[in-house]
Amino acid sequence: MSETALYRPALADNQANAEVLARPGIKVTRAGPLARFVFRGDAAAAGKAGGAFGAALPVAPLAANAVGARAALWQGPDEWLLLARPEADGEQAVDMLARQLAGEVAAALGDTPHSLVDVSERNVALLVEGAGAADLLNAHVFLDLSPEAFPVGTATRTLFTKAEITLWRLGDEAFAIEVWRSFAPYVEGLLIEG
Amino acid sequence: MSQPHRTPATGRIDRSVPVTFTFDGRTLQGFAGDTLASALLANGIHLVGRSFKYHRPRGILTAGSEEPNALVGVAKSAAAAAAGQSVPNLRATQVEIHEGMVVVSQNRWPSLAFDICAVNDRLAPIFVAGFYYKTFMWPKSFWNSVYEPFIRSAAGLGKAPTAPDPDRYANRYAHCDVLVAGGGPAGLAAALAAARAGGRVIIADEQGEFGGSLLHETGATVDSKPATDWVASAVAELAGNARVTILPRTTVFGYFNQNFVALAERVTDHLAAPDPSLPRERLWQVRARQVVIATGAIERPLVFPENDRPGVMMAEAARIYAGRFGVLPGEEIVVATACDSAWVAALDIAEAGGKVAAIIDMRPDPGAALVARAREAGIRIETDCVVTGVLGKKRVKGVLIGRRKASGVVAAGEISCDCLLMSGGWTPNVSLHSQARGKLDWQPEKGAFLPGDPVQAQRSAGSCRGVDGLAAVLADGAAAGAQAVEAATGTPAPVPDFPATGGEAGSGWWLGTVPHDRNAARVRAFVDFQNDVTAKDVKLAVREGMHSIEHIKRYTTTGMATDQGRLSNMNALSIASSALDNQIPQVGLTTFRQPYTPVTFGTLAATSRGDLFDPVRRTPIHPWAAEKGAAFEDVALWKRAWYFPGPGEDMHKAVERECRIVRESVGIFDATTLGKIEVVGPDAAEFLERIYTNPWKKLGVGRLRYGLMLNEAGFIIDDGVVGRLAEDRFHVTTTTGGAPRVLALMEDYLQTEWPDLEVWLTSTTEQWAVVAVQGPKAREAIAPLVDDIDLSTDAMPHMSVREGHVMGGIPCRLFRMSFTGEAGYEINVPPSRARQVWEAVFANVERLGGCPYGTETMHVLRAEKGYIIVGQETDGTVTPDDVGMSWAIGKKKPDFVGKRSLARPDLVAEGRKQMVGLLTKDATTLLEEGAQVTVEAEPARRTPALGHVTSSYVSPAAGRPIALAMIANGRARMGETLHVPMPGGAIAVEVVSPVFVDPEGNRLNV
């Protein structure tokens, strides 16, 4: 359904239960861990970072660029959220990939001013999928999620009732929510509430 | 359970599906498709409520949401009613009955038929307009003890439910090209036009069924189909269009700025056993590019004496009951009118099998065609006549007729009847246009206010803008829909044609009081039924000096009922204008406001209630603390472990133990909630130099410094420890509650003041969980777990930071720092492994005789050291020097936020409040935080306080209570005795240093 190989449902033994919600036409799943960075800098820095990271950092507002198990989400004129999934499962694999990517990006940037900060564990991701996904999200997100206003590949920071999230449309009927860890139970609770 | 007042066959009710419900304990039957009002009328019940002020018996007046009288309490079932779960003040005309519904009448005791408070009606001469303002003024002392309790007990109509609301409520944000408010002929035509042009359309109607007047416009055709068939095909067409959202039972109740429109959808109230996954109601918050208002017109009552008796009803309402619901509202019906539409109603009712005894028209010469049809139907016709009174109290028994002469009205006998229909013409429903800030234009020839030029992207269509006649209304709706979708999308949209027959335009109207021959002092003609406002009240208000319609409204309460004056405003305005001898547009109309009809609190709150009212943030250590029986406190959105009571311990004992153990051996504390910001870039140190009072450029990599943040007024707003991880990378911590605003403030300065700085900010609050270990054995507790960091004081002194690993490869940032005065560490680790690390450290802590501690102990330990808490010692008016922290100011720095203000005369003046310690002279009394401090034990009244107590605890280390306080000139008062006046007598205190433990700081370097 989704057009990226990035997200995988969390392993059952890793989080109590990967499934948050399953109803006809709607499924909400917790995604497994990812290496995540916030990259900040100007366009030149972003250009260099994309090469090292393995997915170009998009310059168009609200754009996301997914390449295999990597993705770069535009978050602002000088800010991107970089996501990467390691081959292996588990947090150690994420630690290693994060360390490796940080080194590679830093090397590619050299003296070019920028900021690369590991936020792998700051966020968790929820996958919202199904014919009712947009309507369910619109219970708590005030954006227009119609395909013409919010096409596949759009990513933006927004509010989910009272929690800040990044919402990314992965497919016609598939969205990812990136949210700070401690806000996830609130977001899950509201998704269940409908 | 017969329904004696049903027509033989008409109506859209399903006579094969009987529905049983109770009204005031009486079991009644209606049919599927009935409203509560139509079902009650089918059972011959008109008396359904008592009025607010006079407790007069009242009947069903209308068939719509403007109903002023038939307000009832409704419970889903007998079980729900018994559980105290009911909804008060619902309009019986809007409630769709379902099996088992339990309905009670309101504002009566002991019963609807015999109501004690009906004595108010006898006392009516006392309860005139402005009664409250005149009566409850003196003696003044009566207000609290007599008047207010009396008014409170008398106020309100329905009974609030006693049990918590068991229902769920939902919210939906939506966007569309065209929102159509109203699903009658104009609204359906507009929605079809907009949808056929490819627009995204939302159409909402407050009723359960779309169609509006078409549902009872018997004989009319649209597109050569019977009107109701056309409605069905229109709804089917809209439903088959994926870009159209159809919302029945949905009231467009609020029109806000930028075409933001709020709708309340009643999802399950009409169902006996709804799917439990469905919410009861749903709030729709719609951003519409264009809005078409198609809310129709509302028939206006005639203001004649006793026009409020049960059995008096709006003519069109009776037509609706007969045509749509198959109910005849009386055996003998008289129609009093000033317009054509009531004749149509009379003829339709007669055709449905009702007996119309007479039509009494105020006009001398009603249209010949209608007169001829009425004659043919055998109806007595009285023209140039008025109804001058109504016989009967709990039900109409007859009407008094008067003939209009040049000299006045002359009595012309009475007609016995059990139902009186009235119509003073139609008031275009301009509520939403008015809510959208559109002005109104007075049309004297129509006797109506019509929508003027819109302010927002909206247009009115159909009879809400004075268009008459079905064909014209459909054409107007189609044109409005096409214009709206074109304006929204920029694509030309054709105007569909909906040819129609029937529903011809009528004429005639009346505003204000109906002339009569009765003693004006003894009769009452009601203008606002729900609020019991009579024509006399409006005139009295004018006589007493209320010359603005806004004052008249508030003085008399006319138009302040749940219909917002949709029935009453025009008559009240006309009466006021006459009394003021002024023109209607000069007196003006009151503004219509949200909500259009009452909206439940549940709908407005939607999902923001209970556990989901706010996000509740918990740390990865939270479950462990909960398992250990910790008490928690709220800090911003976080739950923090407050203290860990042992067996038999109260808070005081637990905190005393925790404090003692931390100073004796070691304690473990969850510091995860502290805000963290990673500041990165070549100008990182320069940025911090400007944001904080402290100097940063010379801070070595691997070292920590306490940072103090001021606002531009020079007052302390936040603090925290900052670590330098690299030349261009700092790990900043903030207070728990301050994290979001500190980050926003920093970003604000970067973007607006210093865009030239090459430095960027990233919140890492949740990237790290923080295990704090404090106490003389802290190093012993963590050392076995640290992989690759030299913990010796030489290698890692107090106020330093190292990056490394713990427990075989878990990444960590290890801070050596203290907020207790003891040596300590804060281990920052990834949250996914925080509990694992915590439990390993705790095992060592426990082995060393240590314990976990909570925020209360943290507060005591820091107060013993005189460390401030921003927001406790400070209150937004405190400078660094006030709390003895001039040392934190980089004297050589050219600038930092707040620097200039620190030189302001009032911030360097003598006598500012300064932080000091206080010890109670008796060494046992615990001061109250916030208590005032004075020189004298019993100061004269109005003596200003010297200051106040900011923190007060029992200090295990000091062996006595200690306190911090902000005292004028405090540092010059060391050793002085001051007083803390309390209700039980002043407490003598000695001013001391705010550092109660280890003033030299030796314990930090263990």
# chains A, B, ... in the order shown; residues from 1 in each chain; ligands from 1
$ residues_around --residues "Asn531 (chain B)" --least-positions-apart "4" --cutoff "8 Å" --atoms "only C-alpha atoms" --output "VMD selection string"
chain B and resid 51 to 53 557 to 558 560 to 561
$ write_last_selection --atoms "C-alpha atoms" --output "PDB file, in the first residue's frame"
ATOM      1  CA  SER B  51     -43.590  28.818  30.243  1.00  0.00           C
ATOM      2  CA  PHE B  52     -40.493  30.152  31.923  1.00  0.00           C
ATOM      3  CA  LYS B  53     -41.795  33.071  33.981  1.00  0.00           C
ATOM      4  CA  THR B 557     -35.595  39.407  27.413  1.00  0.00           C
ATOM      5  CA  THR B 558     -37.516  39.319  24.142  1.00  0.00           C
ATOM      6  CA  MET B 560     -33.283  35.848  24.122  1.00  0.00           C
ATOM      7  CA  ALA B 561     -34.912  32.422  24.011  1.00  0.00           C
TER       8      ALA B 561
END
$ residues_around --residues "region 31-42 of chain A" --least-positions-apart "2" --cutoff "8 Å" --atoms "only C-alpha atoms" --output "JSON, numbers by chain"
{"A": [7, 8, 9, 10, 11, 18, 29, 44, 45, 46, 77, 78, 79, 80, 81, 82, 83, 84, 85, 86, 90, 91, 94, 95, 97, 98, 113, 114, 115, 116, 117, 118, 119, 120, 121, 124, 125, 126, 127], "B": [760, 762]}
$ closest_residue --among "A:Ala88, A:Glu104, A:Ala93, A:Gly153" --to "chain B" --atoms "only C-alpha atoms"
A:Ala93
$ closest_residue --among "A:Arg181, A:Lys27, A:Arg169, A:Lys48" --to "Asn123 (chain A)" --atoms "only C-alpha atoms"
A:Arg181
$ interface_residues --of "chain B" --to "chain A" --cutoff "6 Å" --atoms "only C-alpha atoms" --output "PyMOL selection string"
chain B and resi 171-173+175+615+617-618+680-681+766-767
